[in-house]
file target_16.cif (mmCIF, C-alpha atoms and all ligand atoms)
data_run
#
loop_
_atom_site.label_atom_id
_atom_site.label_comp_id
_atom_site.auth_asym_id
_atom_site.auth_seq_id
_atom_site.Cartn_x
_atom_site.Cartn_y
_atom_site.Cartn_z
CA MET A 23 24.86 -11.49 38.13
CA SER A 24 26.45 -9.07 35.68
CA GLU A 25 25.00 -8.53 32.22
CA GLY A 26 28.10 -10.09 30.70
CA VAL A 27 27.86 -13.23 32.82
CA LYS A 28 24.14 -13.62 32.08
CA ARG A 29 24.75 -13.42 28.35
CA GLU A 30 27.69 -15.82 28.65
CA LYS A 31 25.41 -18.34 30.35
CA TYR A 32 22.66 -17.85 27.77
CA SER A 33 25.13 -18.18 24.92
CA ARG A 34 26.28 -21.57 26.14
CA ARG A 35 22.74 -22.95 26.17
CA GLY A 36 22.96 -24.85 22.91
CA PHE A 37 20.79 -27.32 21.07
CA LEU A 38 21.07 -30.79 22.69
CA GLY A 39 23.85 -29.47 24.85
CA MET A 40 25.98 -28.43 21.89
CA SER A 41 27.46 -24.93 22.06
CA SER A 42 26.36 -22.52 19.35
CA ALA A 43 29.91 -22.53 17.97
CA ALA A 44 29.73 -26.31 17.63
CA LEU A 45 26.31 -26.01 16.00
CA ALA A 46 27.73 -23.50 13.51
CA ALA A 47 30.69 -25.78 12.84
CA ALA A 48 28.24 -28.60 12.21
CA GLY A 49 26.48 -26.33 9.70
CA MET A 50 23.29 -26.21 11.78
CA LEU A 51 23.20 -22.44 12.44
CA PRO A 52 23.69 -19.53 10.08
CA ALA A 53 27.12 -18.01 10.74
CA ALA A 54 25.75 -14.60 11.71
CA ALA A 55 23.35 -16.07 14.26
CA ALA A 56 26.09 -18.20 15.77
CA GLU A 57 28.41 -15.22 15.98
CA GLN A 58 25.75 -13.20 17.76
CA GLU A 59 24.85 -15.94 20.18
CA GLN A 60 28.31 -16.92 21.33
CA LYS A 61 29.56 -13.39 22.06
CA PRO A 62 29.15 -11.96 25.56
CA TYR A 63 28.21 -8.40 24.78
CA PRO A 64 30.53 -5.72 26.24
CA SER A 65 29.04 -2.84 28.20
CA LYS A 66 30.07 0.77 27.62
CA ASP A 67 32.75 0.75 30.35
CA ASP A 68 34.17 -2.61 29.37
CA ARG A 69 37.74 -2.68 27.94
CA SER A 70 36.24 -4.64 25.04
CA ALA A 71 34.24 -1.57 24.07
CA SER A 72 37.13 0.87 24.29
CA ALA A 73 38.67 2.45 21.19
CA PRO A 74 42.20 3.58 22.11
CA GLY A 75 43.34 4.16 18.51
CA PRO A 76 42.74 7.19 16.27
CA GLY A 77 39.15 8.39 16.16
CA ASN A 78 36.86 11.34 15.65
CA PRO A 79 35.05 12.13 18.92
CA ALA A 80 32.65 14.59 17.22
CA VAL A 81 31.50 11.95 14.71
CA ASP A 82 31.30 9.31 17.47
CA ALA A 83 29.20 11.61 19.65
CA GLN A 84 26.71 12.12 16.82
CA ASN A 85 26.58 8.39 16.10
CA PRO A 86 26.44 6.62 19.48
CA ASP A 87 24.70 3.56 17.99
CA SER A 88 27.56 3.08 15.52
CA PHE A 89 30.24 3.67 18.18
CA LEU A 90 28.61 1.14 20.52
CA PRO A 91 25.83 -0.74 18.72
CA PRO A 92 22.99 -2.13 20.83
CA PRO A 93 23.37 -5.90 21.46
CA THR A 94 20.35 -6.52 19.19
CA ASP A 95 22.26 -5.24 16.13
CA ALA A 96 23.83 -8.00 14.04
CA GLY A 97 25.20 -8.85 10.63
CA GLY A 98 25.81 -6.72 7.56
CA VAL A 99 23.11 -4.18 6.79
CA GLN A 100 23.67 -1.73 3.94
CA THR A 101 24.32 1.80 5.25
CA PHE A 102 21.10 3.81 5.28
CA LYS A 103 22.27 7.27 6.29
CA TYR A 104 23.95 10.11 4.42
CA PRO A 105 24.18 13.70 5.71
CA PHE A 106 23.62 16.50 3.18
CA GLY A 107 26.58 18.10 4.98
CA LEU A 108 28.90 15.61 3.21
CA SER A 109 27.53 16.29 -0.28
CA HIS A 110 29.42 18.38 -2.81
CA LYS A 111 27.96 21.89 -2.92
CA ARG A 112 27.67 23.26 -6.44
CA MET A 113 28.27 26.98 -5.86
CA GLN A 114 26.95 29.63 -8.27
CA GLU A 115 26.24 33.32 -8.11
CA GLY A 116 22.60 33.36 -6.98
CA GLY A 117 22.70 30.20 -4.88
CA TRP A 118 23.86 26.59 -4.60
CA SER A 119 22.68 23.02 -4.77
CA ARG A 120 23.74 19.70 -3.23
CA GLU A 121 22.32 16.23 -3.73
CA VAL A 122 22.02 12.80 -2.13
CA THR A 123 21.50 10.21 -4.86
CA ILE A 124 22.30 6.54 -5.40
CA ARG A 125 25.94 7.66 -5.92
CA GLU A 126 26.18 9.03 -2.36
CA LEU A 127 23.83 6.51 -0.71
CA PRO A 128 23.82 3.25 -2.74
CA VAL A 129 20.76 1.78 -0.97
CA SER A 130 18.58 4.71 -2.14
CA LYS A 131 17.47 3.25 -5.46
CA SER A 132 13.97 4.72 -5.78
CA ILE A 133 14.38 8.32 -4.57
CA ALA A 134 17.03 11.07 -4.75
CA GLY A 135 17.05 14.39 -2.90
CA VAL A 136 18.43 17.87 -3.58
CA ASP A 137 18.84 20.72 -1.12
CA MET A 138 18.90 24.09 -2.90
CA ARG A 139 19.45 27.70 -1.88
CA LEU A 140 18.48 30.72 -4.01
CA THR A 141 19.15 34.34 -3.07
CA ALA A 142 16.49 37.03 -3.57
CA GLY A 143 16.39 37.23 -7.38
CA GLY A 144 18.49 34.04 -7.76
CA VAL A 145 17.06 31.73 -10.44
CA ARG A 146 17.12 27.94 -10.86
CA GLU A 147 16.85 28.23 -14.59
CA LEU A 148 14.02 27.02 -16.83
CA HIS A 149 14.39 23.26 -17.21
CA TRP A 150 12.78 19.83 -16.99
CA HIS A 151 13.89 16.27 -16.30
CA THR A 152 12.94 12.64 -16.64
CA ALA A 153 12.05 12.34 -12.93
CA GLY A 154 8.99 13.78 -11.18
CA GLU A 155 9.89 16.56 -8.71
CA TRP A 156 8.24 16.98 -5.28
CA ALA A 157 9.40 19.92 -3.15
CA LEU A 158 9.09 21.33 0.35
CA MET A 159 9.94 24.97 1.09
CA LEU A 160 12.30 24.91 4.09
CA TYR A 161 12.89 28.66 4.35
CA GLY A 162 11.91 31.97 2.80
CA ASN A 163 9.90 32.78 -0.33
CA ALA A 164 10.08 31.78 -3.99
CA ARG A 165 8.18 32.13 -7.27
CA ILE A 166 7.65 28.98 -9.31
CA THR A 167 6.59 28.76 -12.97
CA ALA A 168 5.52 25.92 -15.28
CA ILE A 169 3.28 25.14 -18.20
CA ASP A 170 0.79 22.27 -18.31
CA LEU A 171 0.24 19.76 -21.13
CA ASP A 172 -2.08 22.23 -22.90
CA GLY A 173 0.66 24.87 -22.85
CA LYS A 174 -1.24 26.94 -20.27
CA SER A 175 0.87 28.76 -17.72
CA PHE A 176 1.20 28.31 -13.98
CA VAL A 177 2.89 30.98 -11.85
CA ALA A 178 2.68 30.96 -8.02
CA ASP A 179 4.50 32.25 -4.97
CA VAL A 180 5.41 29.74 -2.25
CA THR A 181 6.57 30.20 1.32
CA GLU A 182 8.01 28.07 4.15
CA GLY A 183 5.96 24.87 4.55
CA ASP A 184 4.46 24.94 1.03
CA LEU A 185 4.89 22.05 -1.41
CA TRP A 186 5.02 21.76 -5.17
CA TYR A 187 5.11 18.91 -7.66
CA PHE A 188 6.22 19.00 -11.31
CA PRO A 189 5.57 15.82 -13.30
CA THR A 190 8.17 14.26 -15.65
CA GLY A 191 8.90 16.47 -18.66
CA ILE A 192 6.93 19.49 -17.42
CA PRO A 193 9.17 22.58 -17.80
CA HIS A 194 9.55 24.79 -14.73
CA SER A 195 11.68 27.36 -12.89
CA ILE A 196 12.21 28.59 -9.32
CA GLN A 197 13.29 32.07 -8.27
CA GLY A 198 14.07 33.44 -4.80
CA LEU A 199 11.98 36.40 -3.58
CA LYS A 200 12.52 39.14 -1.00
CA PRO A 201 13.65 39.52 1.69
CA ASP A 202 16.23 36.69 1.59
CA GLY A 203 15.38 34.23 -1.16
CA ALA A 204 14.66 30.62 -0.26
CA GLU A 205 16.00 27.19 0.66
CA PHE A 206 14.02 24.11 -0.36
CA LEU A 207 14.20 20.33 -0.51
CA LEU A 208 13.58 18.60 -3.84
CA VAL A 209 12.61 14.92 -3.86
CA PHE A 210 12.83 12.99 -7.15
CA ASP A 211 11.13 9.66 -7.92
CA ASP A 212 14.40 8.11 -9.16
CA GLY A 213 17.51 7.39 -7.05
CA ASN A 214 19.68 7.78 -10.13
CA PHE A 215 18.52 11.38 -10.71
CA SER A 216 21.13 14.15 -10.75
CA GLU A 217 20.77 17.94 -10.88
CA TYR A 218 23.75 17.81 -13.26
CA GLU A 219 21.65 16.01 -15.88
CA THR A 220 18.55 18.07 -16.53
CA VAL A 221 17.32 19.67 -19.77
CA LEU A 222 18.32 23.33 -19.29
CA LEU A 223 17.05 26.06 -21.59
CA THR A 224 20.47 27.72 -21.92
CA ASP A 225 22.32 24.40 -22.39
CA TRP A 226 19.89 23.43 -25.18
CA MET A 227 20.21 26.77 -26.96
CA ALA A 228 24.02 26.70 -26.64
CA HIS A 229 24.02 23.36 -28.48
CA THR A 230 21.67 24.29 -31.33
CA PRO A 231 23.07 25.96 -34.50
CA HIS A 232 22.06 29.61 -34.67
CA ASP A 233 20.72 29.29 -38.23
CA VAL A 234 18.36 26.60 -36.91
CA LEU A 235 17.20 28.87 -34.07
CA SER A 236 16.71 31.66 -36.62
CA ALA A 237 14.58 29.43 -38.87
CA ASN A 238 12.71 27.98 -35.88
CA PHE A 239 11.73 31.35 -34.40
CA GLY A 240 11.42 33.21 -37.73
CA VAL A 241 13.78 35.96 -36.55
CA GLY A 242 17.18 37.13 -37.81
CA GLU A 243 20.34 35.24 -36.78
CA GLN A 244 21.94 38.37 -35.32
CA ALA A 245 19.17 38.39 -32.64
CA MET A 246 20.74 35.18 -31.22
CA GLU A 247 24.23 36.65 -30.82
CA LYS A 248 23.93 37.35 -27.08
CA MET A 249 22.65 33.89 -26.20
CA PRO A 250 24.82 32.19 -23.56
CA ARG A 251 27.45 29.77 -24.92
CA ARG A 252 26.96 27.39 -22.02
CA GLU A 253 24.44 26.51 -19.32
CA LYS A 254 23.57 28.87 -16.46
CA PHE A 255 21.92 26.35 -14.04
CA ILE A 256 21.64 28.90 -11.17
CA PHE A 257 22.21 32.61 -11.77
CA GLN A 258 21.59 35.96 -10.10
CA SER A 259 18.82 38.08 -11.61
CA ALA A 260 16.55 40.93 -10.49
CA VAL A 261 13.75 40.18 -7.99
CA PRO A 262 10.54 39.79 -10.06
CA GLY A 263 7.63 42.23 -9.82
CA PRO A 264 4.10 41.59 -8.49
CA LEU A 265 2.75 38.03 -8.91
CA VAL A 266 -0.44 39.10 -10.73
CA GLU A 267 1.58 40.84 -13.44
CA ASP A 268 3.72 37.74 -14.07
CA GLN A 269 0.61 35.54 -14.07
CA LYS A 270 -1.17 37.80 -16.57
CA ALA A 271 1.81 38.14 -18.89
CA ALA A 272 2.48 34.37 -18.86
CA ALA A 273 -1.19 33.40 -19.37
CA GLY A 274 -1.52 35.44 -22.61
CA SER A 275 -4.54 34.56 -24.73
CA LEU A 276 -4.54 30.86 -23.67
CA GLY A 277 -5.40 31.67 -20.05
CA ALA A 278 -3.88 30.19 -16.89
CA SER A 279 -3.63 26.44 -16.23
CA SER A 280 -6.47 24.88 -14.22
CA GLN A 281 -3.91 22.59 -12.56
CA ASP A 282 -2.43 23.56 -9.21
CA PHE A 283 1.20 22.41 -9.00
CA ALA A 284 1.54 23.93 -5.49
CA PHE A 285 0.09 22.74 -2.17
CA ARG A 286 -0.41 24.72 1.05
CA LEU A 287 0.56 22.28 3.79
CA ALA A 288 -0.41 24.64 6.64
CA GLN A 289 -4.06 24.51 5.50
CA GLN A 290 -4.04 20.72 5.67
CA PRO A 291 -5.52 19.13 8.84
CA ILE A 292 -3.29 16.81 10.89
CA SER A 293 -3.96 13.18 9.88
CA LYS A 294 -3.27 11.67 13.31
CA ARG A 295 -2.39 13.14 16.69
CA SER A 296 -1.39 11.40 19.94
CA LYS A 297 0.42 12.31 23.15
CA GLY A 298 3.67 11.31 21.47
CA GLY A 299 3.34 13.50 18.39
CA GLU A 300 1.50 13.98 15.11
CA VAL A 301 1.60 13.13 11.43
CA ARG A 302 0.37 14.79 8.24
CA ILE A 303 -0.05 12.44 5.28
CA ILE A 304 -0.02 14.04 1.84
CA ASP A 305 -0.51 11.80 -1.18
CA SER A 306 -2.40 12.07 -4.48
CA SER A 307 -5.73 11.77 -2.63
CA LYS A 308 -5.12 15.34 -1.37
CA PHE A 309 -2.37 16.73 -3.60
CA LYS A 310 -3.87 15.69 -6.94
CA VAL A 311 -0.90 16.29 -9.26
CA SER A 312 1.56 14.39 -7.02
CA THR A 313 0.98 11.01 -8.64
CA THR A 314 4.45 9.49 -8.10
CA ILE A 315 5.38 10.80 -4.64
CA ALA A 316 3.57 10.33 -1.30
CA ALA A 317 4.71 11.97 1.93
CA ALA A 318 4.24 11.80 5.68
CA ILE A 319 5.48 14.71 7.77
CA VAL A 320 6.06 13.42 11.29
CA THR A 321 6.62 15.20 14.61
CA VAL A 322 7.74 13.12 17.61
CA HIS A 323 7.79 14.85 21.00
CA PRO A 324 10.65 14.15 23.48
CA GLY A 325 10.27 10.62 24.89
CA GLY A 326 8.09 9.57 21.95
CA ILE A 327 8.62 6.98 19.25
CA ARG A 328 7.32 6.51 15.69
CA GLU A 329 6.04 3.02 16.40
CA LEU A 330 7.41 -0.25 14.94
CA HIS A 331 5.93 -0.52 11.44
CA TRP A 332 6.62 -1.24 7.77
CA HIS A 333 5.48 -0.07 4.35
CA PRO A 334 4.10 -2.75 2.00
CA ASN A 335 4.23 -0.67 -1.18
CA ALA A 336 7.47 1.34 -1.40
CA ASP A 337 10.94 2.18 -0.09
CA GLU A 338 11.01 5.07 2.43
CA TRP A 339 13.34 8.05 1.89
CA GLN A 340 13.70 10.24 4.98
CA TYR A 341 14.81 13.79 5.56
CA PHE A 342 15.44 14.96 9.13
CA MET A 343 14.39 18.56 9.75
CA SER A 344 14.97 19.05 13.48
CA GLY A 345 15.84 17.18 16.67
CA THR A 346 17.76 13.90 16.98
CA ALA A 347 16.67 10.32 16.35
CA ARG A 348 17.71 6.75 16.16
CA MET A 349 16.32 4.12 13.84
CA THR A 350 16.85 0.39 13.65
CA VAL A 351 16.21 -1.34 10.34
CA PHE A 352 15.57 -5.06 10.76
CA ALA A 353 16.91 -6.45 7.48
CA THR A 354 15.76 -10.14 7.88
CA GLY A 355 17.95 -13.24 8.34
CA GLY A 356 19.05 -12.14 11.80
CA ARG A 357 20.44 -8.83 10.51
CA ALA A 358 19.70 -5.45 12.08
CA ARG A 359 21.44 -2.09 12.27
CA THR A 360 20.79 1.02 14.33
CA MET A 361 21.87 4.46 13.11
CA ASP A 362 21.52 7.98 14.53
CA PHE A 363 20.11 11.02 12.76
CA GLN A 364 19.99 14.76 13.09
CA ALA A 365 18.85 17.78 11.05
CA GLY A 366 20.05 17.63 7.43
CA ASP A 367 20.48 13.83 7.35
CA VAL A 368 18.92 11.52 4.79
CA GLY A 369 17.73 8.07 5.90
CA TYR A 370 16.45 5.14 3.84
CA VAL A 371 14.42 1.98 4.48
CA GLN A 372 13.84 -0.61 1.77
CA LYS A 373 10.28 -1.70 1.00
CA THR A 374 8.66 -3.93 3.68
CA LEU A 375 11.61 -3.82 6.14
CA PRO A 376 10.49 -3.19 9.76
CA HIS A 377 11.69 -0.04 11.53
CA TYR A 378 10.94 2.55 14.22
CA VAL A 379 12.15 6.13 14.70
CA GLN A 380 12.81 7.19 18.29
CA ASN A 381 13.28 10.75 19.52
CA THR A 382 16.62 10.66 21.39
CA GLY A 383 16.70 14.37 22.31
CA ASP A 384 14.85 16.81 24.51
CA THR A 385 13.30 18.81 21.66
CA ASP A 386 10.72 17.89 19.03
CA LEU A 387 11.94 15.55 16.30
CA LYS A 388 10.57 16.44 12.86
CA PHE A 389 11.20 14.40 9.74
CA LEU A 390 9.78 13.49 6.33
CA GLU A 391 8.87 9.99 5.16
CA MET A 392 8.82 10.00 1.33
CA PHE A 393 7.62 7.21 -0.97
CA LYS A 394 7.70 6.64 -4.70
CA SER A 395 3.97 5.94 -4.87
CA ASN A 396 0.65 7.67 -5.43
CA VAL A 397 -0.61 6.48 -2.02
CA TYR A 398 0.78 6.33 1.50
CA GLN A 399 0.61 2.85 3.10
CA ASP A 400 1.87 1.42 6.35
CA LEU A 401 1.16 -1.38 8.83
CA ALA A 402 2.02 -1.25 12.53
CA LEU A 403 3.28 -4.15 14.68
CA SER A 404 0.69 -3.40 17.37
CA GLU A 405 -2.28 -3.54 15.00
CA TRP A 406 -0.96 -6.81 13.55
CA LEU A 407 -0.58 -8.47 16.97
CA THR A 408 -3.96 -7.25 18.24
CA HIS A 409 -5.83 -8.47 15.15
CA THR A 410 -4.43 -12.01 15.19
CA PRO A 411 -5.91 -14.81 17.40
CA PRO A 412 -4.48 -14.04 20.90
CA GLN A 413 -3.38 -17.63 21.69
CA LEU A 414 -1.38 -17.70 18.47
CA VAL A 415 0.46 -14.50 19.40
CA ILE A 416 1.06 -15.70 22.98
CA ALA A 417 2.47 -18.99 21.68
CA HIS A 418 5.02 -17.03 19.62
CA LEU A 419 6.14 -14.39 22.06
CA GLY A 420 5.86 -15.97 25.50
CA ILE A 421 3.98 -12.94 26.84
CA ASP A 422 0.92 -13.26 29.07
CA LYS A 423 -2.65 -12.33 28.12
CA ALA A 424 -2.60 -9.16 30.25
CA THR A 425 0.45 -7.87 28.34
CA LEU A 426 -1.17 -8.62 25.00
CA ASP A 427 -4.38 -6.89 26.15
CA ALA A 428 -2.37 -3.78 27.05
CA LEU A 429 -1.09 -3.27 23.47
CA PRO A 430 -2.72 -0.48 21.45
CA ARG A 431 -5.50 -2.01 19.35
CA GLU A 432 -5.09 0.36 16.44
CA GLU A 433 -2.26 2.16 14.76
CA ILE A 434 -1.16 5.08 16.92
CA VAL A 435 1.69 6.17 14.58
CA VAL A 436 3.55 8.06 17.32
CA MET A 437 3.61 6.51 20.82
CA PRO A 438 2.71 7.12 23.60
CA GLU A 439 -0.98 6.96 22.86
MN MN B 1 13.42 20.64 -11.50
MN MN B 2 8.35 4.26 8.01
#

call {"tool": "encode", "arguments": {"input": "target_16.cif", "output": "structure tokens"}}
result
Amino acid sequence: MSEGVKREKYSRRGFLGMSSAALAAAGMLPAAAAEQEQKPYPSKDDRSASAPGPGNPAVDAQNPDSFLPPPTDAGGVQTFKYPFGLSHKRMQEGGWSREVTIRELPVSKSIAGVDMRLTAGGVRELHWHTAGEWALMLYGNARITAIDLDGKSFVADVTEGDLWYFPTGIPHSIQGLKPDGAEFLLVFDDGNFSEYETVLLTDWMAHTPHDVLSANFGVGEQAMEKMPRREKFIFQSAVPGPLVEDQKAAAGSLGASSQDFAFRLAQQPISKRSKGGEVRIIDSSKFKVSTTIAAAIVTVHPGGIRELHWHPNADEWQYFMSGTARMTVFATGGRARTMDFQAGDVGYVQKTLPHYVQNTGDTDLKFLEMFKSNVYQDLALSEWLTHTPPQLVIAHLGIDKATLDALPREEIVVMPE
């Protein structure tokens, strides 16, 4: 019996002999469920699945689960993918920046992301913003500066794999170092954030009368003449000198801040490892200053899967670093959508919605799970089912006891065990 015929037969098995279409017409089935049930699902080679009109084979090849969704997908689910490659790149001498915010990806209400490049010497100018900023160094080397709430200075050098966090309203800067500057990912605890709307030192000065600046600083007005007339945002400057000299000069008589705004990820032990992969969880229990952003950095080996799970406390913002993946978000009410991901893509899952992330390639899949929270929380389907009375689970799922006994009894995170 062909798949199509089987489904046709199943679809005609209605309540009290009524077809699902008749049930829907009688108002006894939600429309989406009826639609799903009555359709025989076309296979890949079926004429029903063909797309003879205009198309973009490159986009289709990268998104096989949109081109031919799995039969389990159904109903309208808000799009939860946006590639950084589609974002506007704000080009400057000294580097560039691009962002994925609620404007690019409407579902992403709680978190926005920025991908930024700085050349050696290139500066993301002194600034602050209303959102908290979590960062991961993706490439190269950079020097970051800030002051704490006591006005004490913080200056540090960061390299690939390092993190930093600057709380709301804390002023800071980033500058690329030798040999080739840096690229980094910024994650903000507000989907509405934009790099276009930050408090910039030069922008502020350009919009303050010079006689006020003169009175404020107690220096002559002519000293302000060379101040920029508009914001710099990113600009090319000279590569800074040795770190200790900058630290000493910035500390002055107050001394350096006792707070560490940077975090060395490489020195952090792996939180969980299995045959399928590994995960590092970094929240405020380890990275003290990061009180509004929690992170999991996940590696899934080929053939592995980040198991079916959900997060009770926060939406999940994802950034794909390498490999390829697919994820289904089950959006309740019979709705589900599967989308495909690759390096540079942003994904999003709303709070409590079930999902998995499967490695679809033959190389390691690496991605970030980011949460607007001080703590990381998740629950796995397997641990739920194995810590519920067995007869109750069997009565729901129609599986036998041996199958239930075979399920992992604790959260594995990345399967296989
Ligand atoms: Mn910033
Ligand atoms: Mn998740």

call {"tool": "closest_atom_pairs", "arguments": {"input": "target_16.cif", "of": "chain A", "to": "ligand MN 1 (chain B)", "cutoff": "8 Å", "atoms": "all atoms listed in the file", "output": "CSV"}}
result
residue,atom,partner,partner_atom,distance
A:His149,CA,B:MN1,MN,6.4
A:Trp150,CA,B:MN1,MN,5.6
A:His151,CA,B:MN1,MN,6.5
A:Glu155,CA,B:MN1,MN,6.1
A:Phe188,CA,B:MN1,MN,7.4
A:Pro193,CA,B:MN1,MN,7.8
A:His194,CA,B:MN1,MN,6.5
A:Ser195,CA,B:MN1,MN,7.1
A:Leu208,CA,B:MN1,MN,7.9
A:Glu217,CA,B:MN1,MN,7.9
A:Thr220,CA,B:MN1,MN,7.6

call {"tool": "closest_residue", "arguments": {"input": "target_16.cif", "among": "A:Lys200, A:Lys103, A:Lys394, A:Lys174", "to": "Arg348 (chain A)", "atoms": "only C-alpha atoms"}}
result
A:Lys103

call {"tool": "residues_near_ligand", "arguments": {"input": "target_16.cif", "ligand": "ligand MN 2 (chain B)", "cutoff": "12 Å", "atoms": "only C-alpha atoms and all ligand atoms", "output": "PDB file with C-alpha atoms, in the frame of the given file"}}
result
ATOM      1  CA  VAL A 301       1.600  13.130  11.430  1.00  0.00           C
ATOM      2  CA  ALA A 317       4.710  11.970   1.930  1.00  0.00           C
ATOM      3  CA  ALA A 318       4.240  11.800   5.680  1.00  0.00           C
ATOM      4  CA  ILE A 319       5.480  14.710   7.770  1.00  0.00           C
ATOM      5  CA  VAL A 320       6.060  13.420  11.290  1.00  0.00           C
ATOM      6  CA  ILE A 327       8.620   6.980  19.250  1.00  0.00           C
ATOM      7  CA  ARG A 328       7.320   6.510  15.690  1.00  0.00           C
ATOM      8  CA  GLU A 329       6.040   3.020  16.400  1.00  0.00           C
ATOM      9  CA  LEU A 330       7.410  -0.250  14.940  1.00  0.00           C
ATOM     10  CA  HIS A 331       5.930  -0.520  11.440  1.00  0.00           C
ATOM     11  CA  TRP A 332       6.620  -1.240   7.770  1.00  0.00           C
ATOM     12  CA  HIS A 333       5.480  -0.070   4.350  1.00  0.00           C
ATOM     13  CA  PRO A 334       4.100  -2.750   2.000  1.00  0.00           C
ATOM     14  CA  ASN A 335       4.230  -0.670  -1.180  1.00  0.00           C
ATOM     15  CA  ALA A 336       7.470   1.340  -1.400  1.00  0.00           C
ATOM     16  CA  ASP A 337      10.940   2.180  -0.090  1.00  0.00           C
ATOM     17  CA  GLU A 338      11.010   5.070   2.430  1.00  0.00           C
ATOM     18  CA  TRP A 339      13.340   8.050   1.890  1.00  0.00           C
ATOM     19  CA  GLN A 340      13.700  10.240   4.980  1.00  0.00           C
ATOM     20  CA  TYR A 341      14.810  13.790   5.560  1.00  0.00           C
ATOM     21  CA  MET A 349      16.320   4.120  13.840  1.00  0.00           C
ATOM     22  CA  THR A 350      16.850   0.390  13.650  1.00  0.00           C
ATOM     23  CA  VAL A 351      16.210  -1.340  10.340  1.00  0.00           C
ATOM     24  CA  GLY A 369      17.730   8.070   5.900  1.00  0.00           C
ATOM     25  CA  TYR A 370      16.450   5.140   3.840  1.00  0.00           C
ATOM     26  CA  VAL A 371      14.420   1.980   4.480  1.00  0.00           C
ATOM     27  CA  GLN A 372      13.840  -0.610   1.770  1.00  0.00           C
ATOM     28  CA  LYS A 373      10.280  -1.700   1.000  1.00  0.00           C
ATOM     29  CA  THR A 374       8.660  -3.930   3.680  1.00  0.00           C
ATOM     30  CA  LEU A 375      11.610  -3.820   6.140  1.00  0.00           C
ATOM     31  CA  PRO A 376      10.490  -3.190   9.760  1.00  0.00           C
ATOM     32  CA  HIS A 377      11.690  -0.040  11.530  1.00  0.00           C
ATOM     33  CA  TYR A 378      10.940   2.550  14.220  1.00  0.00           C
ATOM     34  CA  VAL A 379      12.150   6.130  14.700  1.00  0.00           C
ATOM     35  CA  GLN A 380      12.810   7.190  18.290  1.00  0.00           C
ATOM     36  CA  PHE A 389      11.200  14.400   9.740  1.00  0.00           C
ATOM     37  CA  LEU A 390       9.780  13.490   6.330  1.00  0.00           C
ATOM     38  CA  GLU A 391       8.870   9.990   5.160  1.00  0.00           C
ATOM     39  CA  MET A 392       8.820  10.000   1.330  1.00  0.00           C
ATOM     40  CA  PHE A 393       7.620   7.210  -0.970  1.00  0.00           C
ATOM     41  CA  TYR A 398       0.780   6.330   1.500  1.00  0.00           C
ATOM     42  CA  GLN A 399       0.610   2.850   3.100  1.00  0.00           C
ATOM     43  CA  ASP A 400       1.870   1.420   6.350  1.00  0.00           C
ATOM     44  CA  LEU A 401       1.160  -1.380   8.830  1.00  0.00           C
ATOM     45  CA  ALA A 402       2.020  -1.250  12.530  1.00  0.00           C
ATOM     46  CA  LEU A 403       3.280  -4.150  14.680  1.00  0.00           C
ATOM     47  CA  VAL A 435       1.690   6.170  14.580  1.00  0.00           C
ATOM     48  CA  VAL A 436       3.550   8.060  17.320  1.00  0.00           C
TER      49      VAL A 436
END

call {"tool": "closest_residue", "arguments": {"input": "target_16.cif", "among": "A:Leu426, A:Ile166, A:Ala417, A:Ala96", "to": "Pro262 (chain A)", "atoms": "only C-alpha atoms"}}
result
A:Ile166

call {"tool": "residues_around", "arguments": {"input": "target_16.cif", "residues": "Arg295 (chain A)", "least_positions_apart": "3", "cutoff": "10 Å", "atoms": "all atoms listed in the file", "output": "ChimeraX atom specification"}}
result
/A:292,298-302,321,434-437,439

call {"tool": "write_last_selection", "arguments": {"input": "target_16.cif", "atoms": "C-alpha atoms", "output": "PDB file, keeping the file's coordinate frame"}}
result
ATOM      1  CA  ILE A 292      -3.290  16.810  10.890  1.00  0.00           C
ATOM      2  CA  GLY A 298       3.670  11.310  21.470  1.00  0.00           C
ATOM      3  CA  GLY A 299       3.340  13.500  18.390  1.00  0.00           C
ATOM      4  CA  GLU A 300       1.500  13.980  15.110  1.00  0.00           C
ATOM      5  CA  VAL A 301       1.600  13.130  11.430  1.00  0.00           C
ATOM      6  CA  ARG A 302       0.370  14.790   8.240  1.00  0.00           C
ATOM      7  CA  THR A 321       6.620  15.200  14.610  1.00  0.00           C
ATOM      8  CA  ILE A 434      -1.160   5.080  16.920  1.00  0.00           C
ATOM      9  CA  VAL A 435       1.690   6.170  14.580  1.00  0.00           C
ATOM     10  CA  VAL A 436       3.550   8.060  17.320  1.00  0.00           C
ATOM     11  CA  MET A 437       3.610   6.510  20.820  1.00  0.00           C
ATOM     12  CA  GLU A 439      -0.980   6.960  22.860  1.00  0.00           C
TER      13      GLU A 439
END

call {"tool": "closest_residue", "arguments": {"input": "target_16.cif", "among": "A:Glu267, A:Gly213, A:Ala424, A:Ser109", "to": "Ile133 (chain A)", "atoms": "all atoms listed in the file"}}
result
A:Gly213

call {"tool": "atom_distance", "arguments": {"input": "target_16.cif", "atom1": "CA of Leu199 (chain A)", "atom2": "CA of Asp282 (chain A)"}}
result
20.1 Å

call {"tool": "residues_around", "arguments": {"input": "target_16.cif", "residues": "Ala347 (chain A)", "least_positions_apart": "3", "cutoff": "8 Å", "atoms": "only C-alpha atoms", "output": "PDB file with C-alpha atoms, in the coordinates of the input"}}
result
ATOM      1  CA  ASP A 362      21.520   7.980  14.530  1.00  0.00           C
ATOM      2  CA  PHE A 363      20.110  11.020  12.760  1.00  0.00           C
ATOM      3  CA  GLN A 364      19.990  14.760  13.090  1.00  0.00           C
ATOM      4  CA  VAL A 379      12.150   6.130  14.700  1.00  0.00           C
ATOM      5  CA  GLN A 380      12.810   7.190  18.290  1.00  0.00           C
ATOM      6  CA  ASN A 381      13.280  10.750  19.520  1.00  0.00           C
ATOM      7  CA  THR A 382      16.620  10.660  21.390  1.00  0.00           C
ATOM      8  CA  GLY A 383      16.700  14.370  22.310  1.00  0.00           C
ATOM      9  CA  LEU A 387      11.940  15.550  16.300  1.00  0.00           C
TER      10      LEU A 387
END
